[in-house]
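Input: a single structure, listed below in structure tokens.
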Amino acid sequence: MPQWVRDAFFYQIFPDRFRRHPSPDPQPLIPEVFEPWESPPTRRGFKGGNLWGVAEQLDYLEDLGVDALYLCPIFASTANHRYHTTDYFVVDPLLGGELAFRHLLNEAHRRNIRLVLDGVFNHCGRSHFVFQHLVENGAASPYQGWFFIKSFPVQAYQGTPNYAAWAGNRELPKFNTDHPQVRAYLFRVAEYWIEQGIDGWRLDAPEQIEDHDFWREFRQRVKAINPEAYLVGELWFDAQPWLQGDQFDGVMNYPLARAIWGFVGGDTLDLELIARAGLRGVERLSAPELAHALDDHVRRYGLATAQQQLNLLGSHDTPRLLTLLQGDAERVELAFRLLFCLPGAPMVYYGDEIGLEGGPDPDCRRAFPWRPEAWNHHLLRALRQAAQIRRAHPALRLGDYETLYAQGDRLAFVRTLGEERLLVSVNAGENSWQLQLPYPQEGELTELSGAASGSSTGGLLHTPPQPPRSLRIYRLP
């Protein structure tokens, strides 16, 4: 497993919506006409964000505390989200092409920021050269075995699709990954970009390739080039079969996201929006229910594997966190602070740190407003502080996890690494709270952000009164 992941703070970027920047390439293949930057996003429209823009804002990301980037797909595609791949060996010209990619990779690595790319290997776009070969040549094409074609001619644009496609979407033909040439092709794509210097792959909908041997060989090929490359799968459910040490290092931790939404959101959690967005398994949780979910997560995967999970509170596939919590920025801040105290690598979806709003896709993919007057600066400072505290205290990144208290909407747990024992106290309720627990060690509790300290005397631990919707971290004696 790549050791750097346990220490990392990830930031997810949807390249078309993060930052538009003029290309320094004397012959750029970038048109001039895009949708207005801050107009409502559409399913087909392009805003013109590019990799030059990501590179330009690396100082902003470094100041935020980010040390790993996960980019949604960057390869040539006919879609703004680029999950419709047309060529896996070409960086989309609209993003700046190979020149912009190389510049971004070099600048990120110069700042010790890792770069993980999105790999979409269960399907491609219907403009992929092999699929187009089948469309044009029918039964005469030598590529027949690459896809699940039921009859010819291929009905790629009209009539009833006569081939297997992801979620029935005719724009996304499914690869036949049992075919040896397809496997060799996809494995070569994986190797090629690792050879170019990327630090890992986020793997889109890997359960769509119903063959664990595929992913075992995928891992072997990648790790033979870079043993520290991170392989993280997009799995929305229990992922134990993929996390046995022979396939993925981690997965996108959507179960944790749902649990934190349910606990921190309380009555503000918009369950109607969640239903409209098609999100399942989300419900309001009490502290005991959250504690059970956290304990079960660490116990099920083991601490070492739990530390490799990509912990998130939102992504390009979910409504924005602030919108899910109906504009309650205090609860958003609490969710972020909790995220940075749990085992695993925290990830923030671009714009959430400044309070960007948005409903279901495509609204959750709004352009980043580069106008400071549009930002929630209090939320931005809180997230920056959470990242700084996590970086300064190894126990929050590497320590054991133990629940101490869970009642109503109040939770307390300890992260322990060697001599460092940190008490994390979470008050998701509407009233002030003071934690009192039996504790054998006498001494003072030091609050990490400099607020009032507590104490442990006479066999009882006391924290100062804690405001509603807040999190405190204390160094235990």
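Every chain in the structure tokens has a letter given in the order shown (A, B, ...), and although residue numbers restart at 1 in each chain, ligands are simply numbered from 1 in the order shown.
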Counting only C-alpha atoms, what is within 9 Å of region 50-55 of chain A, bar same-chain residues fewer than 3 positions away, as a PyMOL selection string? chain A and resi 13+15-24+58-59+74+94-97+100-101+103-105+107-108
Could you name the residues that touch region 204-218 of chain A at 7 Å or less, counting only C-alpha atoms, but leaving out those on the same chain fewer than 3 positions away, as a CSV table (one decimal) with C-alpha atoms, in the first residue's frame?
chain,number,residue,atom,x,y,z
A,118,ASP,CA,-9.6,9.1,-13.5
A,119,GLY,CA,-9.5,5.8,-15.4
A,120,VAL,CA,-12.8,4.8,-17.2
A,122,ASN,CA,-15.5,-0.5,-18.2
A,187,PHE,CA,-3.5,-2.5,-19.3
A,221,ARG,CA,1.1,-4.0,-14.1
A,222,VAL,CA,0.8,-0.6,-12.4
A,233,GLY,CA,-12.0,2.4,-6.8
A,234,GLU,CA,-15.4,4.1,-7.2
A,235,LEU,CA,-17.5,1.7,-5.1
A,246,ASP,CA,-4.4,-7.8,-4.5
A,247,GLN,CA,-6.6,-5.3,-6.3
Interatomic distance, CA of Cys341 (chain A) to CA of Tyr474 (chain A) (Å, one decimal): 11.9 Å
Restricting the calculation to only C-alpha atoms, which member of A:Pro41, A:Tyr157, A:Cys72, A:Ala382 is positioned closest to Gly358 (chain A)? A:Pro41
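Considering the residues A:Asp328, A:Glu442, A:Asp87, A:Asp296 and counting only C-alpha atoms, Phe121 (chain A) has its shortest atom-to-atom contact with A:Asp87.
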Near Gly408 (chain A), counting only C-alpha atoms, which residues have an atom at most 12 Å away, once you skip same-chain residues fewer than 6 positions from it, shown as a compact mmCIF listing (two decimals) with N, CA, C and O atoms, in the first residue's frame?
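Result written to part00.txt:
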# COMPACT_ATOMS: atom_id res chain seq x y z
N PHE A 263 -25.60 12.30 10.39
CA PHE A 263 -25.39 12.74 11.77
C PHE A 263 -25.27 14.25 11.87
O PHE A 263 -26.00 14.89 12.64
N VAL A 264 -24.39 14.84 11.10
CA VAL A 264 -24.14 16.28 11.20
C VAL A 264 -25.34 17.06 10.68
O VAL A 264 -25.69 18.12 11.20
N GLY A 266 -28.58 16.44 10.78
CA GLY A 266 -29.74 16.55 11.65
C GLY A 266 -30.99 16.87 10.87
O GLY A 266 -31.22 16.37 9.76
N ARG A 284 -31.16 10.12 8.64
CA ARG A 284 -30.66 10.85 9.81
C ARG A 284 -30.18 9.86 10.86
O ARG A 284 -30.86 8.87 11.15
N LEU A 285 -29.00 10.15 11.43
CA LEU A 285 -28.38 9.24 12.38
C LEU A 285 -28.17 9.91 13.72
O LEU A 285 -27.84 11.09 13.79
N SER A 286 -28.32 9.14 14.78
CA SER A 286 -27.94 9.58 16.12
C SER A 286 -26.45 9.32 16.31
O SER A 286 -25.81 8.63 15.50
N ALA A 287 -25.90 9.85 17.40
CA ALA A 287 -24.49 9.61 17.69
C ALA A 287 -24.18 8.12 17.87
O ALA A 287 -23.17 7.65 17.34
N PRO A 288 -25.01 7.34 18.59
CA PRO A 288 -24.72 5.91 18.68
C PRO A 288 -24.72 5.22 17.31
O PRO A 288 -23.90 4.33 17.06
N GLU A 289 -25.61 5.65 16.41
CA GLU A 289 -25.65 5.04 15.09
C GLU A 289 -24.40 5.41 14.28
O GLU A 289 -23.84 4.57 13.56
N LEU A 290 -23.96 6.66 14.39
CA LEU A 290 -22.72 7.04 13.72
C LEU A 290 -21.54 6.30 14.31
O LEU A 290 -20.67 5.80 13.57
N ALA A 291 -21.48 6.21 15.63
CA ALA A 291 -20.38 5.49 16.28
C ALA A 291 -20.33 4.05 15.81
O ALA A 291 -19.24 3.50 15.55
N VAL A 426 -17.53 16.04 19.60
CA VAL A 426 -18.40 16.55 18.54
C VAL A 426 -19.78 16.83 19.13
O VAL A 426 -20.44 15.94 19.67
N ASN A 427 -20.21 18.07 19.00
CA ASN A 427 -21.55 18.47 19.44
C ASN A 427 -22.35 18.87 18.22
O ASN A 427 -22.20 19.97 17.69
N ALA A 428 -23.20 17.97 17.74
CA ALA A 428 -24.04 18.25 16.57
C ALA A 428 -25.40 18.79 16.97
O ALA A 428 -26.26 18.98 16.11
N GLY A 429 -25.60 19.03 18.26
CA GLY A 429 -26.89 19.48 18.74
C GLY A 429 -27.05 20.98 18.72
O GLY A 429 -26.18 21.73 18.28
N GLU A 430 -28.20 21.44 19.25
CA GLU A 430 -28.55 22.86 19.24
C GLU A 430 -28.27 23.53 20.58
O GLU A 430 -28.55 24.72 20.73
N ASN A 431 -27.71 22.78 21.54
CA ASN A 431 -27.43 23.34 22.86
C ASN A 431 -25.97 23.10 23.24
O ASN A 431 -25.33 22.17 22.73
N TRP A 433 -22.77 21.87 25.46
CA TRP A 433 -22.56 20.53 26.02
C TRP A 433 -21.22 20.50 26.74
O TRP A 433 -20.24 21.10 26.28
Hey, what's within 10 Å of Arg366 (chain A) if we count only C-alpha atoms and toss same-chain stuff fewer than 2 positions away? As number ranges by chain, please? A: 14, 16-18, 37-42, 47, 316, 320, 350-351, 356-359, 361-364, 368-369
